[in-house]
Amino acid sequence: MNKNASSTAATHESSSSFSRARSKLAFDRLVEMGARMGMPNPLFMCADRAAKATIHINGKDYINFSTYDYLDINTHPEITAAVTKTAEVFGTSAGASRLVGGERTPHRQLETAIAEFLGTEDCVVYVSGHATNVSTLGFLFGARDLLLYDNLAHNSLIQGSRLSGSARFAYAHNDCDDLERLLKAKRGEYKRAAIVTEGLFSMDGNIPDIPRLIELKKRYNCMLLVDEAHSFGVIGEHGGGVREYFNVDPNDVDMWMSTLSKTLCGCGGYIAGRKELVDYLKYGSPGFVFSVGLSPVLATASYTALEILKREPERVHKLQHISQYFLKYATEKGLNTGEAQGYAIVPVITGDSMVTGFLATQLFRRGIYVMPITFPAVKEGEARLRFFLSASQTEENVRYTLDALVEELPKAIETVRKYNEEHPEGYNF
């Protein structure tokens with residue numbers, strides 16, 4: 001075989017390998033199977049303006065349950081004015097890694113404000129929420145260490161644990177007894193250990209027992225990381241997250257993590273804690289050291305959003321009210337909301353991936369925008385529609401949506417049943 005032929009064969013083999021890998025991607029297969037069953041792709045709908053209580057797609061407004069703008073702060077005129085001024089002074093890019101020339105005033109302004117709000121010594125912001133967890137866990141822990149994470153912890157926490165090379169074990173969701181069982185069996189075998197959890201679980205909308213986790217981390221000499229991506233600004237009287245909700249000492253949690261893309265209307269993430277830890281991350285965490293600094297414009301946007309949150313706690317109360325209303329109405333309608341506690345995230349669990357997809361499509365046709373969540377984002381058999389609530393949402397929209405869902409669910413179930421009857425091979429993911 002000549003050189004060109006060998007190169008062509010290698011390229012073909014590489015492409016074939018990619019195709020085989022792609023065929024295992026569950027979302028892709030769901031869309032492909034849905035198309036065969038007459039279901040349009042519900043993913044990647046493109047909106048042409050900011051999403052609030054409604055979202056504008058292809059010239060039409062839809063009731064919107066797919067926004068992270070929990071406190072209805074995005075597009076606030078104060079933020080628009082502040083970021084415009086920042087862009088005039090700093091441009092839109094930090095221009096370099098912060099370690100070597102990219103440090104800008106808005107970075108420290110935001111980090112100081114977050115630390116003061118949480119009651120910690122210091123804070124460091126990253127350009128990505130996902131990278132914050134991956135880089136922090138991957139950098140801080142190693143082969144002689146132990147990481148124990150909740151079974152439903154976010155992908156970024158799991159990926160960070162894998163990157164660290166540490167021994168890692170998942171404990172049953174929100175089950176501190178199972179966590180303690182693992183600690184008793186494993187803690188003595190490793191140099192350092194950390195417990196990893198979320199403040200409000202992004203798929204189920206429930207809150208862990210933070211005081212018990214703090215008690216366990218102290219008893220077994222562990223660190224504790226709490227990912228508050230969905231609890232910051234959402235729970236607690238003033239949106240202070242699980243720290244305020246449980247009235248715990250902020251220093252009892254070693255790493256307070258959250259994203260900047262939800263309550264704080266920007267993009268990125270942060271780790272807050274003791275200054276010694278924050279300095280260590282600044283000088284060594286790859287996601288910080290080897291990445292350009294957060295855009296000054298985004299830092300200013302998040303800082304301004306935090307100032308609005310502190311000044312207007314009524315936004316938190318509005319969010320909590322509409323979330324509790326949604327959960328109560330859904331329960332009265334006999335819908336399966338799992339373990340949701342009525343804080344910003346409420347799933348309606350259908351179990352079947354295709355039923356969930358058809359249900360989302362039918363609701364879209366009725367003017368409602370909510371996303372189907374299927375494997376691998378959740379376990380097989382636990383597919384759901386995940387409703388994000390916002391302070392901008394209304395009781396009228398909630399009632400209309402849940403009434404429509406109750407009407408459309410049996411139709412979606414029947415559509416899938418008929419397909420399976422006509423196609424005995426069924427579908428598998």
# chains A, B, ... in the order shown; residues from 1 in each chain; ligands from 1
>>> residues_around(residues="Thr84 (chain A)", least_positions_apart="5", cutoff="12 Å", atoms="only C-alpha atoms", output="ChimeraX atom specification")
/A:77-79,89-92,296-298,300-301
>>> closest_atom_pairs(of="region 138-226 of chain A", to="region 361-381 of chain A", cutoff="9 Å", atoms="only C-alpha atoms", output="CSV")
residue,atom,partner,partner_atom,distance
A:Leu152,CA,A:Val378,CA,8.4
A:Asn155,CA,A:Ala377,CA,8.5
A:Met203,CA,A:Val378,CA,7.6
>>> write_last_selection(atoms="C-alpha atoms", output="PDB file, in the first residue's frame")
ATOM      1  CA  LEU A 152     -26.471  13.003  42.018  1.00  0.00           C
ATOM      2  CA  ASN A 155     -20.979  16.355  36.114  1.00  0.00           C
ATOM      3  CA  MET A 203     -32.025  17.878  38.586  1.00  0.00           C
TER       4      MET A 203
END
>>> select_by_dssp(residues="region 66-308 of chain A", states="alpha helix (DSSP H)", output="JSON, numbers by chain")
{"A": [77, 78, 79, 80, 81, 82, 83, 84, 85, 86, 87, 88, 89, 90, 105, 106, 107, 108, 109, 110, 111, 112, 113, 114, 115, 116, 117, 118, 129, 130, 131, 132, 133, 134, 135, 136, 137, 138, 139, 140, 155, 156, 157, 158, 159, 160, 161, 162, 163, 164, 176, 177, 178, 179, 180, 181, 182, 183, 184, 185, 186, 210, 211, 212, 213, 214, 215, 216, 217, 218, 219, 241, 242, 243, 244, 245, 246, 275, 276, 277, 278, 279, 280, 281, 282, 283, 284, 286, 287, 288, 289, 296, 297, 298, 299, 300, 301, 302, 303, 304, 305, 306, 307, 308]}
>>> residues_around(residues="Arg181 (chain A)", least_positions_apart="4", cutoff="12 Å", atoms="only C-alpha atoms", output="list in words")
Leu148, Phe169, Ala170, Tyr171, Ala172, Asp175, Cys176, Asp177, Ala185, Lys186, Arg187, Leu216 and Tyr220 of chain A
>>> select_by_dssp(residues="region 55-290 of chain A", states="strand (DSSP E)", output="PyMOL selection string")
chain A and resi 55-57+60-64+122-126+146-150+167-171+193-198+223-227+255-259+269-273
>>> closest_residue(among="A:Phe388, A:Ala330, A:Leu137, A:Cys267", to="Ser295 (chain A)", atoms="only C-alpha atoms")
A:Cys267
>>> closest_residue(among="A:Ala35, A:Ala153, A:Ala193, A:Leu389", to="Val316 (chain A)", atoms="only C-alpha atoms")
A:Leu389
>>> residues_around(residues="Asp352 (chain A)", least_positions_apart="6", cutoff="8 Å", atoms="only C-alpha atoms", output="MDAnalysis selection string")
chainID A and resid 381:384
>>> atom_distance(atom1="CA of Leu163 (chain A)", atom2="CA of Leu281 (chain A)")
15.8 Å
>>> closest_atom_pairs(of="region 47-114 of chain A", to="region 228-235 of chain A", cutoff="9 Å", atoms="only C-alpha atoms", output="JSON lines")
{"residue": "A:Tyr68", "atom": "CA", "partner": "A:His230", "partner_atom": "CA", "distance": 8.5}
{"residue": "A:Tyr70", "atom": "CA", "partner": "A:Val234", "partner_atom": "CA", "distance": 7.2}
{"residue": "A:Leu71", "atom": "CA", "partner": "A:Gly233", "partner_atom": "CA", "distance": 7.6}
>>> write_last_selection(atoms="C-alpha atoms", output="PDB file, in the first residue's frame")
ATOM      1  CA  TYR A  68     -31.363  30.526  35.012  1.00  0.00           C
ATOM      2  CA  TYR A  70     -33.859  33.202  38.887  1.00  0.00           C
ATOM      3  CA  LEU A  71     -34.222  36.701  40.332  1.00  0.00           C
TER       4      LEU A  71
END
>>> closest_atom_pairs(of="region 275-357 of chain A", to="region 103-124 of chain A", cutoff="8 Å", atoms="only C-alpha atoms", output="Markdown table")
| residue | atom | partner | partner_atom | distance |
| --- | --- | --- | --- | --- |
| A:Lys275 | CA | A:Asp122 | CA | 5.1 |
| A:Val278 | CA | A:Cys123 | CA | 6.2 |
| A:Leu281 | CA | A:Val124 | CA | 7.9 |
| A:Lys282 | CA | A:Val124 | CA | 7.2 |
| A:Gly293 | CA | A:Glu103 | CA | 7.1 |
| A:Leu294 | CA | A:His107 | CA | 7.4 |
| A:Pro296 | CA | A:Pro106 | CA | 5.7 |
| A:Ala299 | CA | A:Pro106 | CA | 5.7 |
| A:Thr300 | CA | A:Pro106 | CA | 5.8 |
| A:Ser302 | CA | A:Leu110 | CA | 7.2 |
| A:Tyr303 | CA | A:Leu110 | CA | 5.1 |
| A:Leu306 | CA | A:Ile114 | CA | 7.9 |
>>> atom_distance(atom1="CA of Ser128 (chain A)", atom2="CA of Ser261 (chain A)")
9.0 Å
